[in-house]
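Peer 1: Have a peek at start.pdb (PDB, C-alpha atoms).
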```pdb
MODEL        1
ATOM      1  CA  VAL A 146      41.996 -13.073 -51.537
ATOM      2  CA  ASP A 147      41.446 -14.446 -55.032
ATOM      3  CA  ILE A 148      38.066 -15.907 -54.085
ATOM      4  CA  PHE A 149      36.678 -12.387 -53.799
ATOM      5  CA  LEU A 150      37.659 -11.427 -57.338
ATOM      6  CA  VAL A 151      34.826 -11.214 -59.836
ATOM      7  CA  GLN A 152      35.387 -13.750 -62.571
ATOM      8  CA  PRO A 153      34.001 -13.383 -66.103
ATOM      9  CA  VAL A 154      30.953 -15.546 -66.736
ATOM     10  CA  PHE A 155      29.780 -16.841 -70.097
ATOM     11  CA  TRP A 156      26.054 -17.551 -70.255
ATOM     12  CA  MET A 157      24.444 -20.243 -72.335
ATOM     13  CA  SER A 158      22.734 -18.982 -75.438
ATOM     14  CA  SER A 159      18.988 -19.625 -75.577
ATOM     15  CA  THR A 160      19.630 -22.349 -78.154
ATOM     16  CA  ASP A 161      22.105 -24.204 -75.904
ATOM     17  CA  ARG A 162      20.268 -24.012 -72.586
ATOM     18  CA  LEU A 163      18.684 -26.979 -70.851
ATOM     19  CA  PRO A 164      15.020 -27.646 -71.706
ATOM     20  CA  PHE A 165      12.283 -27.286 -69.108
ATOM     21  CA  ASP A 166      10.994 -30.836 -68.627
ATOM     22  CA  LYS A 167       7.350 -30.131 -67.866
ATOM     23  CA  GLU A 168       6.150 -33.749 -67.937
ATOM     24  CA  LEU A 169       8.901 -34.904 -65.578
ATOM     25  CA  HIS A 170       8.165 -32.100 -63.107
ATOM     26  CA  LYS A 171       4.454 -32.873 -63.194
ATOM     27  CA  LYS A 172       5.240 -36.522 -62.466
ATOM     28  CA  TYR A 173       7.324 -35.448 -59.476
ATOM     29  CA  VAL A 174       4.525 -33.301 -58.018
ATOM     30  CA  HIS A 175       2.034 -36.139 -58.533
ATOM     31  CA  SER A 176       4.351 -38.495 -56.625
ATOM     32  CA  LEU A 177       4.071 -36.282 -53.548
ATOM     33  CA  ASP A 178       0.365 -37.085 -53.266
ATOM     34  CA  ILE A 179       1.174 -40.664 -52.230
ATOM     35  CA  GLU A 180       1.307 -41.099 -48.449
ATOM     36  CA  LYS A 181       4.556 -42.677 -47.244
ATOM     37  CA  PRO A 182       4.131 -43.307 -43.483
ATOM     38  CA  ASP A 183       7.108 -45.647 -43.455
ATOM     39  CA  ARG A 184       9.423 -42.747 -44.342
ATOM     40  CA  PHE A 185      11.072 -40.580 -41.681
ATOM     41  CA  GLU A 186      10.596 -37.523 -43.880
ATOM     42  CA  TYR A 187       6.839 -38.079 -43.891
ATOM     43  CA  TRP A 188       6.595 -37.428 -40.150
ATOM     44  CA  VAL A 189       9.128 -34.629 -39.729
ATOM     45  CA  THR A 190       7.382 -32.603 -42.458
ATOM     46  CA  GLU A 191       3.869 -33.144 -41.093
ATOM     47  CA  HIS A 192       3.620 -29.494 -40.007
ATOM     48  CA  LEU A 193       4.230 -28.460 -43.634
ATOM     49  CA  ARG A 194       1.434 -30.523 -45.163
ATOM     50  CA  VAL A 195      -0.938 -27.635 -45.964
ATOM     51  CA  SER A 196       1.939 -25.513 -47.252
ATOM     52  CA  GLY A 197       3.198 -28.456 -49.309
ATOM     53  CA  ILE A 198      -0.182 -28.772 -51.032
ATOM     54  CA  TYR A 199      -0.071 -25.056 -51.754
ATOM     55  CA  TRP A 200       3.429 -25.250 -53.267
ATOM     56  CA  GLY A 201       2.464 -28.260 -55.367
ATOM     57  CA  PHE A 202      -0.731 -26.628 -56.594
ATOM     58  CA  VAL A 203       1.106 -23.452 -57.596
ATOM     59  CA  ALA A 204       3.772 -25.426 -59.459
ATOM     60  CA  MET A 205       1.110 -27.389 -61.343
ATOM     61  CA  SER A 206      -0.801 -24.183 -62.067
ATOM     62  CA  MET A 207       2.276 -22.573 -63.583
ATOM     63  CA  MET A 208       2.568 -25.644 -65.838
ATOM     64  CA  ASN A 209      -1.126 -25.319 -66.754
ATOM     65  CA  ALA A 210      -1.862 -28.655 -65.081
ATOM     66  CA  LEU A 211      -3.825 -27.840 -61.920
ATOM     67  CA  ASP A 212      -6.794 -29.764 -63.302
ATOM     68  CA  GLU A 213      -4.724 -32.954 -62.947
ATOM     69  CA  MET A 214      -4.768 -32.617 -59.145
ATOM     70  CA  ASP A 215      -7.503 -33.926 -56.836
ATOM     71  CA  LEU A 216      -8.971 -30.562 -55.848
ATOM     72  CA  GLU A 217     -11.778 -31.977 -53.729
ATOM     73  CA  LYS A 218      -9.381 -34.152 -51.718
ATOM     74  CA  ALA A 219      -7.179 -31.130 -51.075
ATOM     75  CA  THR A 220     -10.225 -29.065 -50.100
ATOM     76  CA  ALA A 221     -11.367 -31.662 -47.595
ATOM     77  CA  PHE A 222      -7.901 -31.867 -46.046
ATOM     78  CA  ALA A 223      -7.493 -28.089 -45.810
ATOM     79  CA  LEU A 224     -10.897 -27.706 -44.146
ATOM     80  CA  SER A 225     -10.038 -30.492 -41.690
ATOM     81  CA  CYS A 226      -7.111 -28.359 -40.515
ATOM     82  CA  GLN A 227      -9.329 -25.433 -39.473
ATOM     83  CA  LYS A 228      -9.603 -24.866 -35.728
ATOM     84  CA  ASP A 229     -12.596 -23.732 -33.714
ATOM     85  CA  GLY A 230     -11.176 -20.232 -33.418
ATOM     86  CA  GLY A 231     -11.130 -19.757 -37.202
ATOM     87  CA  GLY A 232      -7.459 -20.232 -38.100
ATOM     88  CA  PHE A 233      -5.859 -23.197 -39.866
ATOM     89  CA  GLY A 234      -3.018 -25.427 -38.737
ATOM     90  CA  GLY A 235      -0.399 -27.051 -40.945
ATOM     91  CA  HIS A 236      -1.969 -30.441 -40.262
ATOM     92  CA  VAL A 237      -5.056 -31.754 -38.514
ATOM     93  CA  ALA A 238      -3.366 -32.065 -35.105
ATOM     94  CA  HIS A 239      -1.402 -28.799 -35.282
ATOM     95  CA  ASP A 240      -2.230 -25.396 -33.810
ATOM     96  CA  ALA A 241      -3.529 -22.605 -35.991
ATOM     97  CA  HIS A 242      -0.916 -20.239 -37.430
ATOM     98  CA  ILE A 243      -1.279 -17.212 -39.669
ATOM     99  CA  VAL A 244       1.090 -18.623 -42.325
ATOM    100  CA  THR A 245      -0.757 -21.924 -42.666
ATOM    101  CA  THR A 246      -4.073 -20.079 -42.542
ATOM    102  CA  PHE A 247      -3.041 -18.048 -45.589
ATOM    103  CA  ASN A 248      -1.732 -21.180 -47.323
ATOM    104  CA  ALA A 249      -4.988 -23.036 -46.647
ATOM    105  CA  LEU A 250      -7.004 -20.176 -48.115
ATOM    106  CA  GLN A 251      -4.707 -20.111 -51.151
ATOM    107  CA  VAL A 252      -5.321 -23.843 -51.648
ATOM    108  CA  LEU A 253      -9.072 -23.365 -51.351
ATOM    109  CA  ALA A 254      -8.949 -20.454 -53.799
ATOM    110  CA  MET A 255      -7.107 -22.554 -56.380
ATOM    111  CA  ALA A 256      -9.586 -25.388 -55.834
ATOM    112  CA  GLY A 257     -12.474 -22.992 -56.403
ATOM    113  CA  ASN A 258     -13.798 -23.690 -52.908
ATOM    114  CA  LEU A 259     -13.039 -20.520 -50.965
ATOM    115  CA  ASP A 260     -16.781 -20.130 -50.402
ATOM    116  CA  LYS A 261     -16.671 -23.145 -48.065
ATOM    117  CA  VAL A 262     -14.981 -20.983 -45.428
ATOM    118  CA  ASP A 263     -16.777 -18.593 -43.055
ATOM    119  CA  PRO A 264     -14.996 -15.297 -43.852
ATOM    120  CA  GLU A 265     -16.070 -13.620 -40.617
ATOM    121  CA  GLY A 266     -14.704 -16.433 -38.447
ATOM    122  CA  VAL A 267     -11.276 -16.375 -40.105
ATOM    123  CA  ALA A 268     -11.165 -12.565 -40.195
ATOM    124  CA  ASN A 269     -11.961 -12.266 -36.501
ATOM    125  CA  TRP A 270      -9.230 -14.772 -35.664
ATOM    126  CA  ILE A 271      -6.696 -12.757 -37.675
ATOM    127  CA  LYS A 272      -7.956  -9.526 -36.107
ATOM    128  CA  GLY A 273      -7.167 -11.009 -32.705
ATOM    129  CA  LEU A 274      -3.533 -11.447 -33.730
ATOM    130  CA  GLN A 275      -2.909  -7.744 -34.407
ATOM    131  CA  ASN A 276      -0.854  -6.055 -31.719
ATOM    132  CA  GLU A 277      -1.146  -2.524 -30.374
ATOM    133  CA  ASP A 278       1.835  -1.338 -32.467
ATOM    134  CA  GLY A 279       0.207  -2.614 -35.678
ATOM    135  CA  SER A 280       2.289  -5.764 -36.061
ATOM    136  CA  PHE A 281       0.785  -9.251 -36.153
ATOM    137  CA  SER A 282       1.638 -12.288 -34.079
ATOM    138  CA  GLY A 283       1.862 -15.574 -35.933
ATOM    139  CA  ASP A 284      -0.233 -17.442 -33.398
ATOM    140  CA  GLN A 285      -1.343 -17.399 -29.779
ATOM    141  CA  TRP A 286       2.268 -17.669 -28.602
ATOM    142  CA  GLY A 287       3.155 -14.176 -29.804
ATOM    143  CA  GLU A 288       6.060 -14.381 -32.289
ATOM    144  CA  ILE A 289       6.232 -11.201 -34.407
ATOM    145  CA  ASP A 290       7.540 -11.069 -37.978
ATOM    146  CA  THR A 291       6.941  -8.945 -41.072
ATOM    147  CA  ARG A 292       5.824 -12.176 -42.794
ATOM    148  CA  PHE A 293       2.766 -12.178 -40.594
ATOM    149  CA  VAL A 294       1.562  -8.783 -41.813
ATOM    150  CA  PHE A 295       1.834 -10.091 -45.366
ATOM    151  CA  CYS A 296      -0.098 -13.255 -44.498
ATOM    152  CA  ALA A 297      -2.746 -11.263 -42.630
ATOM    153  CA  PHE A 298      -3.229  -8.850 -45.530
ATOM    154  CA  GLY A 299      -3.168 -11.722 -48.030
ATOM    155  CA  ALA A 300      -5.713 -13.863 -46.213
ATOM    156  CA  LEU A 301      -8.027 -10.926 -45.524
ATOM    157  CA  SER A 302      -7.724  -9.737 -49.123
ATOM    158  CA  LEU A 303      -8.796 -13.131 -50.463
ATOM    159  CA  LEU A 304     -11.779 -13.045 -48.070
ATOM    160  CA  LYS A 305     -12.519  -9.383 -48.903
ATOM    161  CA  CYS A 306     -12.207  -8.585 -45.201
ATOM    162  CA  LEU A 307      -9.280  -6.159 -44.987
ATOM    163  CA  HIS A 308     -11.509  -3.766 -43.059
ATOM    164  CA  TYR A 309     -11.368  -6.077 -40.031
ATOM    165  CA  VAL A 310      -7.870  -4.883 -39.098
ATOM    166  CA  ASP A 311      -6.106  -1.543 -38.705
ATOM    167  CA  VAL A 312      -4.341  -1.391 -42.068
ATOM    168  CA  LYS A 313      -2.731   2.005 -41.484
ATOM    169  CA  LYS A 314      -1.237   0.974 -38.172
ATOM    170  CA  ALA A 315       0.130  -2.224 -39.742
ATOM    171  CA  VAL A 316       1.715  -0.261 -42.599
ATOM    172  CA  LYS A 317       3.286   2.198 -40.179
ATOM    173  CA  TRP A 318       4.836  -0.730 -38.313
ATOM    174  CA  LEU A 319       6.101  -2.277 -41.562
ATOM    175  CA  LEU A 320       7.848   0.991 -42.403
ATOM    176  CA  THR A 321       9.742   0.820 -39.092
ATOM    177  CA  CYS A 322      11.247  -2.454 -40.366
ATOM    178  CA  LYS A 323      12.760  -0.673 -43.390
ATOM    179  CA  ASN A 324      16.516  -0.146 -43.387
ATOM    180  CA  PHE A 325      18.851   2.486 -44.861
ATOM    181  CA  ASP A 326      19.066   0.460 -48.094
ATOM    182  CA  GLU A 327      15.249   0.619 -48.391
ATOM    183  CA  ALA A 328      14.964  -3.165 -47.930
ATOM    184  CA  PHE A 329      13.185  -4.809 -44.990
ATOM    185  CA  GLY A 330      14.016  -7.114 -42.113
ATOM    186  CA  VAL A 331      12.036  -9.435 -39.835
ATOM    187  CA  VAL A 332      11.456  -6.740 -37.201
ATOM    188  CA  PRO A 333      12.740  -3.177 -36.698
ATOM    189  CA  GLU A 334      16.560  -2.956 -36.917
ATOM    190  CA  ALA A 335      16.878  -6.497 -38.315
ATOM    191  CA  GLU A 336      19.084  -7.257 -41.324
ATOM    192  CA  SER A 337      17.632  -6.619 -44.769
ATOM    193  CA  HIS A 338      16.506  -9.833 -46.440
ATOM    194  CA  ALA A 339      14.920 -10.471 -49.827
ATOM    195  CA  GLY A 340      12.273 -12.798 -48.391
ATOM    196  CA  GLN A 341      11.149 -10.250 -45.821
ATOM    197  CA  THR A 342      11.330  -7.527 -48.455
ATOM    198  CA  PHE A 343       8.949  -9.520 -50.657
ATOM    199  CA  CYS A 344       6.531  -9.808 -47.730
ATOM    200  CA  CYS A 345       6.613  -6.076 -47.059
ATOM    201  CA  VAL A 346       6.420  -5.062 -50.717
ATOM    202  CA  GLY A 347       3.612  -7.556 -51.300
ATOM    203  CA  ALA A 348       1.704  -6.293 -48.272
ATOM    204  CA  LEU A 349       2.133  -2.674 -49.380
ATOM    205  CA  ALA A 350       0.994  -3.585 -52.901
ATOM    206  CA  MET A 351      -2.154  -5.252 -51.547
ATOM    207  CA  VAL A 352      -3.222  -2.023 -49.815
ATOM    208  CA  ASN A 353      -1.986   0.348 -52.550
ATOM    209  CA  ALA A 354       0.826   1.833 -50.452
ATOM    210  CA  LEU A 355       3.948   1.344 -52.583
ATOM    211  CA  HIS A 356       4.268   5.118 -52.932
ATOM    212  CA  LEU A 357       5.455   5.188 -49.314
ATOM    213  CA  ILE A 358       8.875   3.712 -50.189
ATOM    214  CA  ASP A 359      11.754   4.808 -52.434
ATOM    215  CA  GLN A 360      11.121   2.405 -55.286
ATOM    216  CA  ASP A 361      14.282   3.124 -57.269
ATOM    217  CA  MET A 362      16.551   2.626 -54.271
ATOM    218  CA  LEU A 363      14.833  -0.623 -53.272
ATOM    219  CA  ALA A 364      14.931  -1.900 -56.851
ATOM    220  CA  TRP A 365      18.679  -1.222 -56.950
ATOM    221  CA  TRP A 366      19.177  -3.314 -53.780
ATOM    222  CA  LEU A 367      17.059  -6.096 -55.280
ATOM    223  CA  ALA A 368      18.938  -6.006 -58.599
ATOM    224  CA  GLU A 369      22.207  -6.381 -56.698
ATOM    225  CA  ARG A 370      20.998  -9.775 -55.501
ATOM    226  CA  GLN A 371      21.985 -11.273 -58.876
ATOM    227  CA  VAL A 372      25.343 -13.036 -58.638
ATOM    228  CA  THR A 373      27.855 -14.267 -61.191
ATOM    229  CA  ASN A 374      26.122 -17.596 -61.905
ATOM    230  CA  GLY A 375      22.931 -15.748 -62.898
ATOM    231  CA  GLY A 376      20.943 -16.707 -59.798
ATOM    232  CA  LEU A 377      19.655 -14.436 -57.062
ATOM    233  CA  ASN A 378      20.587 -14.438 -53.384
ATOM    234  CA  GLY A 379      18.689 -13.164 -50.361
ATOM    235  CA  ARG A 380      21.414 -11.042 -48.766
ATOM    236  CA  PRO A 381      24.829  -9.666 -49.733
ATOM    237  CA  GLU A 382      27.662 -12.237 -49.797
ATOM    238  CA  LYS A 383      25.285 -15.223 -49.897
ATOM    239  CA  LEU A 384      24.946 -17.951 -52.537
ATOM    240  CA  ALA A 385      22.180 -17.923 -55.113
ATOM    241  CA  ASP A 386      19.049 -19.947 -54.399
ATOM    242  CA  VAL A 387      16.156 -20.705 -56.748
ATOM    243  CA  CYS A 388      13.536 -19.539 -54.249
ATOM    244  CA  TYR A 389      14.802 -15.967 -54.610
ATOM    245  CA  SER A 390      13.751 -16.172 -58.236
ATOM    246  CA  TRP A 391      10.356 -15.514 -56.672
ATOM    247  CA  TRP A 392      11.133 -13.359 -53.630
ATOM    248  CA  VAL A 393      13.290 -10.902 -55.595
ATOM    249  CA  LEU A 394      11.481 -10.997 -58.931
ATOM    250  CA  SER A 395       8.009 -10.551 -57.459
ATOM    251  CA  SER A 396       9.224  -7.451 -55.624
ATOM    252  CA  LEU A 397      10.733  -6.088 -58.825
ATOM    253  CA  ALA A 398       7.465  -6.880 -60.607
ATOM    254  CA  ALA A 399       5.551  -4.886 -57.988
ATOM    255  CA  LEU A 400       7.975  -2.005 -58.552
ATOM    256  CA  LYS A 401       7.651  -2.377 -62.352
ATOM    257  CA  ARG A 402      11.405  -2.901 -62.679
ATOM    258  CA  LEU A 403      11.753  -6.516 -63.788
ATOM    259  CA  ASP A 404      14.170  -5.395 -66.490
ATOM    260  CA  TRP A 405      16.737  -4.394 -63.868
ATOM    261  CA  ILE A 406      18.166  -7.937 -63.754
ATOM    262  CA  ASP A 407      19.651 -10.177 -66.456
ATOM    263  CA  ARG A 408      16.630 -12.243 -67.519
ATOM    264  CA  GLU A 409      18.490 -14.773 -69.674
ATOM    265  CA  ALA A 410      21.112 -15.476 -67.009
ATOM    266  CA  LEU A 411      18.451 -16.139 -64.384
ATOM    267  CA  ILE A 412      16.495 -18.454 -66.689
ATOM    268  CA  ASP A 413      19.675 -20.449 -67.276
ATOM    269  CA  PHE A 414      20.297 -20.708 -63.523
ATOM    270  CA  ILE A 415      16.774 -21.987 -62.788
ATOM    271  CA  LEU A 416      16.932 -24.542 -65.589
ATOM    272  CA  LYS A 417      20.282 -25.832 -64.311
ATOM    273  CA  CYS A 418      18.606 -26.556 -60.968
ATOM    274  CA  GLN A 419      16.223 -29.083 -62.503
ATOM    275  CA  ASP A 420      16.453 -32.770 -61.634
ATOM    276  CA  LEU A 421      16.267 -34.168 -65.147
ATOM    277  CA  GLU A 422      16.190 -37.764 -63.899
ATOM    278  CA  ASP A 423      13.370 -37.725 -61.340
ATOM    279  CA  GLY A 424      11.796 -34.305 -61.818
ATOM    280  CA  GLY A 425      11.533 -31.263 -59.590
ATOM    281  CA  ILE A 426      13.748 -28.244 -59.000
ATOM    282  CA  SER A 427      16.366 -27.785 -56.278
ATOM    283  CA  ASP A 428      17.813 -24.723 -54.584
ATOM    284  CA  LYS A 429      21.128 -25.006 -56.439
ATOM    285  CA  PRO A 430      22.457 -27.055 -59.360
ATOM    286  CA  GLY A 431      23.141 -30.645 -58.294
ATOM    287  CA  ASN A 432      21.218 -30.527 -55.014
ATOM    288  CA  THR A 433      18.147 -32.582 -54.104
ATOM    289  CA  ARG A 434      14.882 -31.256 -55.446
ATOM    290  CA  ASP A 435      11.856 -30.417 -53.297
ATOM    291  CA  VAL A 436       8.355 -29.079 -53.862
ATOM    292  CA  TYR A 437       9.166 -25.686 -52.293
ATOM    293  CA  HIS A 438      11.883 -24.863 -54.810
ATOM    294  CA  THR A 439       9.891 -26.476 -57.617
ATOM    295  CA  CYS A 440       7.081 -24.043 -56.850
ATOM    296  CA  PHE A 441       9.256 -20.952 -56.748
ATOM    297  CA  GLY A 442      11.371 -22.012 -59.708
ATOM    298  CA  CYS A 443       8.169 -22.246 -61.750
ATOM    299  CA  THR A 444       6.790 -18.920 -60.516
ATOM    300  CA  GLY A 445      10.146 -17.313 -61.241
ATOM    301  CA  LEU A 446      10.051 -18.608 -64.799
ATOM    302  CA  SER A 447       6.505 -17.266 -65.089
ATOM    303  CA  LEU A 448       7.584 -13.763 -64.064
ATOM    304  CA  LEU A 449      10.441 -14.013 -66.549
ATOM    305  CA  GLY A 450       7.938 -14.718 -69.325
ATOM    306  CA  TYR A 451       9.297 -18.196 -69.998
ATOM    307  CA  GLU A 452       7.394 -19.913 -72.776
ATOM    308  CA  GLY A 453       4.552 -22.183 -71.662
ATOM    309  CA  MET A 454       4.296 -20.906 -68.082
ATOM    310  CA  ALA A 455       0.963 -19.527 -66.854
ATOM    311  CA  PRO A 456       0.819 -15.930 -65.522
ATOM    312  CA  VAL A 457       1.222 -15.474 -61.754
ATOM    313  CA  ASP A 458      -0.009 -12.681 -59.489
ATOM    314  CA  PHE A 459       3.051 -11.085 -57.871
ATOM    315  CA  ARG A 460       1.186 -10.163 -54.671
ATOM    316  CA  PHE A 461      -0.463 -13.443 -53.719
ATOM    317  CA  CYS A 462       1.758 -15.991 -55.504
ATOM    318  CA  LEU A 463      -1.377 -17.446 -57.052
ATOM    319  CA  PRO A 464      -2.260 -18.069 -60.697
ATOM    320  CA  GLN A 465      -3.442 -14.796 -62.193
ATOM    321  CA  SER A 466      -6.554 -16.571 -63.460
ATOM    322  CA  VAL A 467      -7.520 -17.526 -59.881
ATOM    323  CA  VAL A 468      -7.069 -13.967 -58.587
ATOM    324  CA  ASP A 469      -9.056 -12.571 -61.533
ATOM    325  CA  LYS A 470     -11.977 -14.908 -60.774
ATOM    326  CA  LEU A 471     -12.115 -13.678 -57.183
ATOM    327  CA  GLN A 472     -12.787 -10.119 -58.420
ATOM    328  CA  LEU A 473     -11.007  -8.553 -55.479
ATOM    329  CA  PRO A 474     -11.917  -4.900 -54.857
ATOM    330  CA  GLU A 475      -9.352  -2.289 -55.861
ATOM    331  CA  GLN A 476      -7.887  -0.563 -52.832
ATOM    332  CA  PRO A 477      -7.723   3.246 -52.705
ATOM    333  CA  ILE A 478      -4.300   4.856 -52.391
ATOM    334  CA  LEU A 479      -3.356   4.575 -48.734
ATOM    335  CA  THR A 480      -2.526   7.789 -46.902
ATOM    336  CA  LEU A 481      -0.998   7.845 -43.443
ATOM    337  CA  ASP A 482      -2.243  10.401 -40.922
TER
ENDMDL
END
```
Would you write the structure of this file as C-alpha cells?

Peer 2:
Amino acid sequence: VDIFLVQPVFWMSSTDRLPFDKELHKKYVHSLDIEKPDRFEYWVTEHLRVSGIYWGFVAMSMMNALDEMDLEKATAFALSCQKDGGGFGGHVAHDAHIVTTFNALQVLAMAGNLDKVDPEGVANWIKGLQNEDGSFSGDQWGEIDTRFVFCAFGALSLLKCLHYVDVKKAVKWLLTCKNFDEAFGVVPEAESHAGQTFCCVGALAMVNALHLIDQDMLAWWLAERQVTNGGLNGRPEKLADVCYSWWVLSSLAALKRLDWIDREALIDFILKCQDLEDGGISDKPGNTRDVYHTCFGCTGLSLLGYEGMAPVDFRFCLPQSVVDKLQLPEQPILTLD
C-alpha cells in the first residue's frame, strides 16, 4: 500500500540544475545522418526514416542550428518517398501513409522547399482518405485514428488546401472521440490519452474550433498529468515520459493555460533525461536516448521558455519562423450546423 502514498519531492533550484548541453545534442543529431547498414537498428527503423529526419530537423531548429543540416539532401530524399497517388511513404520502398505524408511536408517546409510539391496531387490523395463519418483512414488499408485527422488538417494547412476536405464533418467526428473528462481517445469510446488529445486539440486549433470544447475542464485533466518527479505522463497511473512535455504542453499552450503546471519541475525532469556523455535526450532519466525524445524534449523546453530555445508553433510542431514564412491564411471561427 505504501507505494501509492504521495511522497514529498524537493526540486532542484535553477542554480543547481543540470545544464542543457546544446553542442553535445547537436553532435548526436549530426551522427544520425551517417548511414549504418551493418547495424540491425538501421533496417528495423527503415519505415521511420522520413519521420526521423523530421524529428532531427525540429530538434536542430529548437537549438537554432537547422542551417547546419543538409537541407537539399533531405529534400531529395523526402521527394523520393512520394508515390504516384500523391502521398509519401516513410522510405522509398514503403507505401504512402498520412502520418509520413505530413512529416515529409514538414521536412520540406523546414528546408524551404515546400513549393517542390504539387499541392493538388497531395490534397486529392488526402481527400480520398476521408470516410463518410468524417474520420480519416491512415492509408489504403483503412485504419482509423484521431491522429489521422490531425495529420490531414496539418498537411492540408501547410499546402493551403483545407477546402479539399469536409472540415465540419471531421470536427464532428473528433468530438465523438471526446470522453467525460474532456480528453480524447483514438476512436469513440477509447481511453483518454494525452497524445490523442494533442492531435484533437491541434486539429481543432488549426480550424479555429477550440470553442467547441470545455477548455477549463480539459486543461485540468492535462495539468493532472504532472507527477511527483516533475515530468508528465500520458494517462493516469502511468510513468512520466519526456515526449509528453510536448503532447501535454502544446495542448495547454493552445488552451492558453501553460501556467497550470509546475514549469521549473518539468524543466528539471527534461534536463535529467539528457545523455551528457553522448548527447541526446531519453524518455526517462538513465534510459537510452533517441531522436524522437530529443525532438520533443527540445520542443517542450521551447514551450517552457527555456533560455536559448527557438519558438515553436504549438499546432504544427514546427519552428515558429517556418510557419510565419508560409503566411498561412487565418481560419474563420468554425460553426457546426

Peer 1: I'd like the neighbourhood of Cys344 of chain A as JSON, numbers by chain, where a residue qualifies if any of its atoms comes within 7 Å (using only C-alpha atoms), though same-chain residues fewer than 6 positions away should be ignored.

Peer 2: {"A": [291, 292, 295]}

Peer 1: For the provided coordinates, the residues matched by the PyMOL selection byres ((chain A and resi 245) around 10) should be stated as a PDB file with C-alpha atoms, in the frame of the given file.

Peer 2:
```pdb
ATOM      1  CA  HIS A 192       3.620 -29.494 -40.007  1.00  0.00           C
ATOM      2  CA  LEU A 193       4.230 -28.460 -43.634  1.00  0.00           C
ATOM      3  CA  ARG A 194       1.434 -30.523 -45.163  1.00  0.00           C
ATOM      4  CA  VAL A 195      -0.938 -27.635 -45.964  1.00  0.00           C
ATOM      5  CA  SER A 196       1.939 -25.513 -47.252  1.00  0.00           C
ATOM      6  CA  TYR A 199      -0.071 -25.056 -51.754  1.00  0.00           C
ATOM      7  CA  ALA A 223      -7.493 -28.089 -45.810  1.00  0.00           C
ATOM      8  CA  CYS A 226      -7.111 -28.359 -40.515  1.00  0.00           C
ATOM      9  CA  GLN A 227      -9.329 -25.433 -39.473  1.00  0.00           C
ATOM     10  CA  GLY A 232      -7.459 -20.232 -38.100  1.00  0.00           C
ATOM     11  CA  PHE A 233      -5.859 -23.197 -39.866  1.00  0.00           C
ATOM     12  CA  GLY A 234      -3.018 -25.427 -38.737  1.00  0.00           C
ATOM     13  CA  GLY A 235      -0.399 -27.051 -40.945  1.00  0.00           C
ATOM     14  CA  HIS A 236      -1.969 -30.441 -40.262  1.00  0.00           C
ATOM     15  CA  ASP A 240      -2.230 -25.396 -33.810  1.00  0.00           C
ATOM     16  CA  ALA A 241      -3.529 -22.605 -35.991  1.00  0.00           C
ATOM     17  CA  HIS A 242      -0.916 -20.239 -37.430  1.00  0.00           C
ATOM     18  CA  ILE A 243      -1.279 -17.212 -39.669  1.00  0.00           C
ATOM     19  CA  VAL A 244       1.090 -18.623 -42.325  1.00  0.00           C
ATOM     20  CA  THR A 246      -4.073 -20.079 -42.542  1.00  0.00           C
ATOM     21  CA  PHE A 247      -3.041 -18.048 -45.589  1.00  0.00           C
ATOM     22  CA  ASN A 248      -1.732 -21.180 -47.323  1.00  0.00           C
ATOM     23  CA  ALA A 249      -4.988 -23.036 -46.647  1.00  0.00           C
ATOM     24  CA  LEU A 250      -7.004 -20.176 -48.115  1.00  0.00           C
ATOM     25  CA  GLN A 251      -4.707 -20.111 -51.151  1.00  0.00           C
ATOM     26  CA  GLY A 283       1.862 -15.574 -35.933  1.00  0.00           C
ATOM     27  CA  CYS A 296      -0.098 -13.255 -44.498  1.00  0.00           C
TER      28      CYS A 296
END
```

Peer 1: To test your reading of the syntax: which residues would the PyMOL selection byres ((chain A and resi 444) around 12) return for the file shown? Reply as a PyMOL selection string.

Peer 2: chain A and resi 200-209+387-395+412+415+426+437-443+445-451+453-465

Peer 1: Restricting the calculation to all atoms listed in the file: of A:Leu274, A:Gln371, A:Leu224, A:Val352, which residue gets closest to Ser302 of chain A?

Peer 2: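 Residue with the minimum atom-to-atom distance to Ser302 of chain A: A:Val352.
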
Peer 1: Please evaluate the PyMOL selection byres ((chain A and resi 328) around 6) against the displayed coordinates and give the resulting residues as a list in words.

Peer 2: Lys323, Asn324, Asp326, Glu327, Phe329, Ser337, Thr342 and Leu363 of chain A

Peer 1: Just the selected residues (C-alpha atoms), exported as a PDB file, keeping the file's coordinate frame, please.

Peer 2:
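Written output follows (result_14.pdb):
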```pdb
ATOM      1  CA  LYS A 323      12.760  -0.673 -43.390  1.00  0.00           C
ATOM      2  CA  ASN A 324      16.516  -0.146 -43.387  1.00  0.00           C
ATOM      3  CA  ASP A 326      19.066   0.460 -48.094  1.00  0.00           C
ATOM      4  CA  GLU A 327      15.249   0.619 -48.391  1.00  0.00           C
ATOM      5  CA  PHE A 329      13.185  -4.809 -44.990  1.00  0.00           C
ATOM      6  CA  SER A 337      17.632  -6.619 -44.769  1.00  0.00           C
ATOM      7  CA  THR A 342      11.330  -7.527 -48.455  1.00  0.00           C
ATOM      8  CA  LEU A 363      14.833  -0.623 -53.272  1.00  0.00           C
TER       9      LEU A 363
END
```

Peer 1: Which residue gives the smallest distance to Arg434 of chain A among A:Ala297, A:Leu163, A:Ala254, A:Val174, with all atoms listed in the file counted?

Peer 2: A:Val174

Peer 1: Report, in Å with one decimal, the straight-line distance from atom CA of Gln341 of chain A to atom CA of Ser225 of chain A.

Peer 2: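 Distance reported for this atom pair: 29.6 Å.
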
Peer 1: What separation in Å, quoted to one decimal, exists between atom CA of His356 of chain A and atom CA of Phe343 of chain A?

Peer 2: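 The value is 15.5 Å.
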
Peer 1: List as a ChimeraX atom specification the protein and nucleic acid residues near Thr480 of chain A, meaning an atom at most 12 Å away when all atoms listed in the file are counted, but skip any in the same chain fewer than 3 places from it.

Peer 2: /A:312-314,316-317,349,352-357,476-477

Peer 1: What's around Val262 of chain A at 10 Å? Count all atoms listed in the file, leave out sequence neighbours fewer than 2 positions away in its own chain, and write the answer as a list of chain:residue names.

Peer 2: A:Leu224, A:Gln227, A:Gly231, A:Leu250, A:Leu253, A:Asn258, A:Leu259, A:Asp260, A:Pro264, A:Glu265, A:Gly266, A:Val267, A:Leu304

Peer 1: Counting only C-alpha atoms, which residue out of A:Val310, A:Gln360, A:His239, A:Pro381 sits closest to Thr190 of chain A?

Peer 2: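 That would be A:His239, the residue with the smallest distance to Thr190 of chain A.
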